[in-house]
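Report on the structure given below.
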Amino acid sequence: MSIQAIKTYHLRCHLDKPFGFSQWFYDQRNVLVVEIIDSTGASGWGECYGPADVIQGCVEKFYASRILGRNPIETDAIWQHMWRSSLDFARGGVMMSAMSGIDMALWDLKGKLLGQSVSTLMGGRLRDKVHCYATGMYYTDMPEEELLPDLVEEARGYAAQGFEAMKIKVGKNLAFDKKFIVALREALPNTELMADSNHGFDLPEAIEIGRLLDEHDYRWFEEPLSPEHVGLFRQLHNKLDIAIATGECEQTRFGFQRLIEAGGVQLVQPDLAYCGGPSEALKIRTLASAHGINCLPHVWGTQLNLAAATHFLASAYPEPGRAEEKRLWLEYDRTENPLRDELYKQQVRVENGAAIVPDAPGLGVEIDTTKLSDYVVTMTETSNV
């Protein structure tokens, strides 16, 4: 077996209703999908988190030619080869995102070649379903006095669908955030709630909002501070009881080691389409475990990343472990995304707030290739032919 071709697809769709969070608004969704084809004709698929057009160049112009001809089952060896080939100038950023998509595609391909699901290859499936938290409650362009009840009603809708946990967006402004935090807890007194500011606060603001989250029994405070100032997380944690979660902007075990050793973080959130791929996410999970910290992936994008995270959590041990296992929550993005919901003929099934772990070989999701042309902006191919 050997890698014969690497294809990339920059996919784009425009949104019917733009949505925003603490940093900006989205009016379209973009993703880079990678397909790796081996000498038997089997193919594996992965996706990359970040600017699709830039990452596409990283895959096509740099990494693709370096992995042609290699055995696709040797995922760690290929990862290390890619890492060393770009170490001098790309220890992180978009090139690591490119490596992540390639690595994810290789795990999908390896599973298909070996006839095993990715969770089996990750060490063994510990659960057949993974409970999800609904990520939503993004901002829309309306007055705040209308937006607040609209977001609360959205959250009620997720609860009616069977979701027992959900994550809200904060970081719009302190006055609105406070009203929203209180209103949602009053509306959903028995729901697990988390809050994500997308690094929208400085330290005094994060302390103020964090104390309110503590008071209203929110489970974790996600990205309360800039990822550039890891030393502030310890200062924040010293003021709060709520767990501090972060890591979607971090990459590789080396980056997460620095983050964890700085202190103050109780939950790390690597994105498997960005942190270095499934291969590196497993190492990050081990690193977190060695520090007594749980590792729950950030999930954004299409069914490929969702499936990879589902398998990752299906094979995860909670820290520290107990007779009645605590839930390892899977992020389930509920924003509009045709690239996730309309492009795949085989998807991760989510029923009554829980994802059913795919048992087909590989990731267990499948793109409908007849629909690719509806979304492709640019396609590339690098091959031995």
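Just remember, in the structure tokens the first chain shown is A, the second B, etc., residues are 1-based per chain, and ligands are 1-based in the order shown.
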
Report as number ranges by chain all protein, DNA and RNA residues lying within 7 Å of A:Trp220, evaluated on only C-alpha atoms, omitting residues in the same chain fewer than 6 positions from it.
A: 194-195, 242-245

Emit the selected residues as a PDB file, in the first residue's frame, including N, CA and C atoms.
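New file out_29.pdb:
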ATOM      1  N   MET A 194     -22.577  26.241  29.852  1.00  0.00           N
ATOM      2  CA  MET A 194     -21.216  26.722  29.740  1.00  0.00           C
ATOM      3  C   MET A 194     -21.238  28.057  28.991  1.00  0.00           C
ATOM      4  N   ALA A 195     -20.183  28.844  29.143  1.00  0.00           N
ATOM      5  CA  ALA A 195     -20.115  30.151  28.488  1.00  0.00           C
ATOM      6  C   ALA A 195     -18.760  30.316  27.814  1.00  0.00           C
ATOM      7  N   ILE A 242     -15.354  28.375  39.052  1.00  0.00           N
ATOM      8  CA  ILE A 242     -15.711  27.753  37.785  1.00  0.00           C
ATOM      9  C   ILE A 242     -14.458  27.271  37.047  1.00  0.00           C
ATOM     10  N   ALA A 243     -14.587  26.131  36.345  1.00  0.00           N
ATOM     11  CA  ALA A 243     -13.465  25.601  35.566  1.00  0.00           C
ATOM     12  C   ALA A 243     -13.140  26.528  34.399  1.00  0.00           C
ATOM     13  N   ILE A 244     -11.859  26.715  34.140  1.00  0.00           N
ATOM     14  CA  ILE A 244     -11.391  27.498  33.002  1.00  0.00           C
ATOM     15  C   ILE A 244     -11.050  26.527  31.873  1.00  0.00           C
ATOM     16  N   ALA A 245     -11.647  26.751  30.697  1.00  0.00           N
ATOM     17  CA  ALA A 245     -11.435  25.893  29.530  1.00  0.00           C
ATOM     18  C   ALA A 245     -10.829  26.720  28.405  1.00  0.00           C
TER      19      ALA A 245
END

Can you tell me, as a ChimeraX atom specification, what residues are no more than 12 Å from A:Asp76 when counting only C-alpha atoms, ignoring any on the same chain fewer than 5 positions away?
/A:70-71,81-83,99,102-104,106-107,110,276-283

For a quick check of understanding, using only C-alpha atoms, which of A:Leu343, A:Leu372, A:Leu304, A:Val170 has the smallest distance to A:Gln23?
A:Val170

Nearby residues (only C-alpha atoms) at most 9 Å from A:Ala42, same-chain spacing under 2 positions excluded, as an MDAnalysis selection string:
chainID A and resid 36:40 44 109 112:113

Figure out the distance between atom CA of A:Gly111 and atom CA of A:Ala354, please, to one decimal in Å.
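About the pair atom CA of A:Ala354 and atom CA of A:Gly111: they are 23.2 Å apart.
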
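Minimum atom-to-atom distance to A:Cys275, evaluated using only C-alpha atoms, belongs to A:Cys249 out of A:Ala52, A:Val365, A:Leu114, A:Cys249.
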
Just list as a VMD selection string whatever in stretch 82-228 of chain A DSSP marks as helix (DSSP H, G or I).
chain A and resid 82 to 86 94 to 114 118 to 121 144 to 160 174 to 187 203 to 215

Using only C-alpha atoms, find the one residue out of A:Ala90, A:Ile367, A:Thr302, A:Met142 that sits nearest to A:Asn337.
A:Thr302

Pick from A:Leu339, A:Ile209, A:Val385, A:Ala262, whichever lies nearest to A:Arg234 using only C-alpha atoms
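Using only C-alpha atoms, the shortest distance to A:Arg234 belongs to A:Ala262.
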
Straight-line distance linking atom CA of A:Ile73 with atom CA of A:Gln257, stated in Å to one decimal:
27.4 Å

May I ask which of the residues A:Glu60, A:Glu74, A:Asp333, A:Asp141 is the closest one to A:Phe25, counting only C-alpha atoms?
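Between A:Glu60, A:Glu74, A:Asp333, A:Asp141, the residue approaching A:Phe25 most closely is A:Asp141.
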
Taking 6 positions as the minimum chain separation for residues in the same chain, which residues sit within 8 Å of A:Ala307 when counting only C-alpha atoms? Answer as a list in words.
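Near A:Ala307, the qualifying residues are Val348, Val357, Pro358, Leu363, Gly364 and Val365 of chain A.
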
Which one of A:Cys13, A:Val33, A:Ala98, A:Leu151 sits closest to A:Thr369 if you count only C-alpha atoms?
A:Val33
